[in-house]
$ cat coords_18.pdb   # PDB, C-alpha atoms
MODEL        1
ATOM      1  CA  GLY A   1      13.638 -10.009  11.453
ATOM      2  CA  TYR A   2      14.717  -9.975   7.851
ATOM      3  CA  ILE A   3      12.315  -8.329   5.491
ATOM      4  CA  ARG A   4      12.327  -7.956   1.727
ATOM      5  CA  SER A   5      12.680  -4.394   0.561
ATOM      6  CA  GLY A   6      13.024  -2.405  -2.612
ATOM      7  CA  ARG A   7       9.477  -2.041  -3.902
ATOM      8  CA  ALA A   8       8.516   1.588  -4.278
ATOM      9  CA  THR A   9       4.825   2.297  -4.148
ATOM     10  CA  ALA A  10       3.340   5.516  -5.332
ATOM     11  CA  ALA A  11       1.027   7.424  -3.091
ATOM     12  CA  GLY A  12      -0.323   9.659  -5.800
ATOM     13  CA  ALA A  13       0.143   8.454  -9.339
ATOM     14  CA  PRO A  14       0.651   4.685  -9.465
ATOM     15  CA  ILE A  15       4.066   3.593 -10.652
ATOM     16  CA  ASP A  16       5.033   1.036 -13.236
ATOM     17  CA  GLY A  17       4.345  -2.392 -11.764
ATOM     18  CA  ASP A  18       7.299  -4.000 -13.550
ATOM     19  CA  TYR A  19       9.813  -1.885 -11.653
ATOM     20  CA  GLN A  20       8.840  -3.223  -8.267
ATOM     21  CA  ASP A  21      11.063  -6.308  -8.204
ATOM     22  CA  SER A  22      14.098  -4.899  -9.968
ATOM     23  CA  GLN A  23      15.935  -3.821  -6.830
ATOM     24  CA  GLN A  24      15.839  -5.906  -3.692
ATOM     25  CA  GLU A  25      17.733  -5.451  -0.477
ATOM     26  CA  ILE A  26      17.485  -7.024   2.927
ATOM     27  CA  VAL A  27      16.450  -4.791   5.798
ATOM     28  CA  VAL A  28      17.289  -5.906   9.303
ATOM     29  CA  ARG A  29      15.186  -4.090  11.841
ATOM     30  CA  SER A  30      14.560  -4.803  15.465
ATOM     31  CA  GLU A  31      11.321  -2.855  15.248
ATOM     32  CA  VAL A  32       9.733  -4.840  12.415
ATOM     33  CA  PRO A  33       6.121  -5.273  13.499
ATOM     34  CA  ARG A  34       4.708  -8.762  13.859
ATOM     35  CA  GLY A  35       3.136  -9.984  10.627
ATOM     36  CA  ALA A  36       5.202  -7.755   8.341
ATOM     37  CA  ASP A  37       6.183  -9.477   5.079
ATOM     38  CA  GLU A  38       7.738  -6.604   3.169
ATOM     39  CA  VAL A  39       8.730  -2.989   3.577
ATOM     40  CA  VAL A  40       7.768  -0.497   0.857
ATOM     41  CA  THR A  41       8.884   3.072   0.291
ATOM     42  CA  ILE A  42       6.120   5.630  -0.123
ATOM     43  CA  ALA A  43       6.922   7.556  -3.294
ATOM     44  CA  GLY A  44       4.297  10.310  -3.250
ATOM     45  CA  ASP A  45       2.428  12.566  -0.850
ATOM     46  CA  SER A  46      -1.165  11.391  -1.259
ATOM     47  CA  MET A  47      -1.136   9.494   2.062
ATOM     48  CA  GLU A  48       0.306  12.354   4.122
ATOM     49  CA  PRO A  49       0.283  13.148   6.968
ATOM     50  CA  LEU A  50      -0.014   9.471   8.012
ATOM     51  CA  LEU A  51       2.505   8.069   5.508
ATOM     52  CA  MET A  52       5.017  10.723   4.518
ATOM     53  CA  LYS A  53       6.672  10.785   1.111
ATOM     54  CA  GLY A  54       9.955   8.866   1.313
ATOM     55  CA  SER A  55       8.931   6.999   4.460
ATOM     56  CA  GLN A  56       8.825   3.238   4.738
ATOM     57  CA  ALA A  57       5.702   1.233   5.445
ATOM     58  CA  PHE A  58       5.421  -2.392   6.483
ATOM     59  CA  VAL A  59       3.049  -4.604   4.537
ATOM     60  CA  HIS A  60       1.346  -7.847   5.554
ATOM     61  CA  TYR A  61       0.422  -9.914   2.498
ATOM     62  CA  GLN A  62      -3.291 -10.635   2.346
ATOM     63  CA  PRO A  63      -5.579 -10.660  -0.705
ATOM     64  CA  VAL A  64      -8.667  -9.288   1.054
ATOM     65  CA  PRO A  65      -8.747  -6.230   3.334
ATOM     66  CA  ASP A  66     -10.069  -6.679   6.870
ATOM     67  CA  ASP A  67     -12.526  -3.831   6.420
ATOM     68  CA  ASP A  68     -13.370  -0.796   4.333
ATOM     69  CA  GLY A  69     -11.115   2.176   4.952
ATOM     70  CA  GLN A  70      -8.083  -0.030   5.549
ATOM     71  CA  ILE A  71      -4.800   1.218   4.070
ATOM     72  CA  VAL A  72      -3.584  -1.266   1.489
ATOM     73  CA  ILE A  73      -1.052  -1.696  -1.279
ATOM     74  CA  VAL A  74      -2.884  -2.541  -4.490
ATOM     75  CA  SER A  75      -1.909  -3.436  -8.026
ATOM     76  CA  ILE A  76      -4.216  -1.834 -10.594
ATOM     77  CA  LYS A  77      -4.410  -3.571 -13.979
ATOM     78  CA  ASP A  78      -2.526  -1.618 -16.694
ATOM     79  CA  VAL A  79      -1.780   1.181 -14.192
ATOM     80  CA  GLY A  80       0.654   0.029 -11.503
ATOM     81  CA  VAL A  81       1.051  -0.291  -7.762
ATOM     82  CA  THR A  82      -0.229   2.268  -5.285
ATOM     83  CA  CYS A  83      -1.015   2.772  -1.600
ATOM     84  CA  LYS A  84      -4.537   3.937  -0.677
ATOM     85  CA  LYS A  85      -7.493   3.459   1.649
ATOM     86  CA  ILE A  86      -9.798   0.878   0.064
ATOM     87  CA  TYR A  87     -13.588   0.864  -0.116
ATOM     88  CA  ARG A  88     -15.623  -1.838  -1.871
ATOM     89  CA  GLU A  89     -18.733  -0.545  -3.639
ATOM     90  CA  ASP A  90     -21.033  -2.616  -5.821
ATOM     91  CA  GLY A  91     -18.531  -4.323  -8.130
ATOM     92  CA  LYS A  92     -16.161  -1.382  -7.992
ATOM     93  CA  ILE A  93     -13.213  -0.445  -5.815
ATOM     94  CA  ARG A  94     -12.788   3.106  -4.552
ATOM     95  CA  LEU A  95      -9.220   4.030  -3.621
ATOM     96  CA  LYS A  96      -9.019   7.071  -1.382
ATOM     97  CA  SER A  97      -6.052   9.240  -0.480
ATOM     98  CA  ILE A  98      -5.604  10.751   2.976
ATOM     99  CA  ASN A  99      -4.289  13.996   1.465
ATOM    100  CA  ASP A 100      -7.473  15.714   0.288
ATOM    101  CA  LYS A 101      -5.843  17.371  -2.712
ATOM    102  CA  TYR A 102      -6.165  13.997  -4.482
ATOM    103  CA  ASP A 103      -9.441  12.741  -5.948
ATOM    104  CA  ASP A 104     -10.675   9.219  -5.286
ATOM    105  CA  LEU A 105      -9.752   6.576  -7.861
ATOM    106  CA  ILE A 106     -12.533   4.190  -8.903
ATOM    107  CA  TYR A 107     -11.867   0.963 -10.816
ATOM    108  CA  PRO A 108     -13.816  -2.198 -11.638
ATOM    109  CA  ALA A 109     -13.199  -4.696  -8.829
ATOM    110  CA  GLN A 110     -11.656  -7.214 -11.226
ATOM    111  CA  ASP A 111      -8.928  -4.700 -12.169
ATOM    112  CA  VAL A 112      -7.689  -4.231  -8.597
ATOM    113  CA  ARG A 113      -5.563  -6.836  -6.806
ATOM    114  CA  VAL A 114      -4.836  -6.261  -3.130
ATOM    115  CA  ILE A 115      -1.210  -7.115  -2.340
ATOM    116  CA  GLY A 116      -1.535  -6.558   1.388
ATOM    117  CA  LYS A 117      -2.422  -4.223   4.214
ATOM    118  CA  VAL A 118      -0.138  -1.556   5.612
ATOM    119  CA  ILE A 119       0.731  -2.207   9.249
ATOM    120  CA  THR A 120       0.577   1.126  11.038
ATOM    121  CA  GLN A 121       3.196   1.494  13.736
ATOM    122  CA  ASN A 122       0.888   2.795  16.450
ATOM    123  CA  LYS A 123      -1.036  -0.490  16.797
ATOM    124  CA  LYS A 124      -0.286  -2.370  19.976
ATOM    125  CA  PRO A 125       0.439  -6.113  19.597
TER     126      PRO A 125
ENDMDL
END
$ encode --input "coords_18.pdb" --output "structure tokens"
Amino acid sequence: GYIRSGRATAAGAPIDGDYQDSQQEIVVRSEVPRGADEVVTIAGDSMEPLLMKGSQAFVHYQPVPDDDGQIVIVSIKDVGVTCKKIYREDGKIRLKSINDKYDDLIYPAQDVRVIGKVITQNKKP
């Protein structure tokens, strides 16, 4: 399948959200998982060892995560785009890294927009 590429997402410090659409390329991959809408490049190490810095992750666009603890790409108001595990808590959103050297990020729920969930490769169809 053809999949839009070029967005870099930080795993660590969020990156500037305006950069994300400046470079687009088409990726043709036989192994694109079903439901993938976009491929993103992981720019930091906060999601290691699951998502390694420089690796590519497939994203399925959906505005609401399936459940807490799901790995998602989010846009944080006035901060940028990042990849984290998401937890919803009482009007707030907690964004958790897998790499435990990073602290959780907590934002008001209205400041966090979920772009989509990361499709992990080890899921069977």
$ residues_around --input "coords_18.pdb" --residues "Asp100 of chain A" --least-positions-apart "2" --cutoff "10 Å" --atoms "all atoms listed in the file" --output "list in words"
Ser46, Met47, Glu48, Lys96, Ser97, Ile98, Tyr102, Asp103 and Asp104 of chain A
$ residues_around --input "coords_18.pdb" --residues "Ile73 of chain A" --least-positions-apart "5" --cutoff "6 Å" --atoms "all atoms listed in the file" --output "PyMOL selection string"
chain A and resi 82-83+115-116
$ axis_aligned_box --input "coords_18.pdb" --around "segment 83-89 of chain A" --padding-each-side "5 Å" --output "AutoDock Vina command-line options"
--center_x -9.9 --center_y 1.0 --center_z -1.0 --size_x 27.7 --size_y 15.8 --size_z 15.3
$ atom_distance --input "coords_18.pdb" --atom1 "atom CA of Ala36 of chain A" --atom2 "atom CA of Leu105 of chain A"
26.3 Å
$ residues_near_point --input "coords_18.pdb" --point "(-4.9, -2.0, -7.2)" --cutoff "8 Å" --atoms "only C-alpha atoms" --output "ChimeraX atom specification"
/A:73-77,80-82,111-115
$ residues_around --input "coords_18.pdb" --residues "Thr120 of chain A" --least-positions-apart "4" --cutoff "12 Å" --atoms "all atoms listed in the file" --output "PyMOL selection string"
chain A and resi 32-36+39+50-51+56-60+70-72+124-125
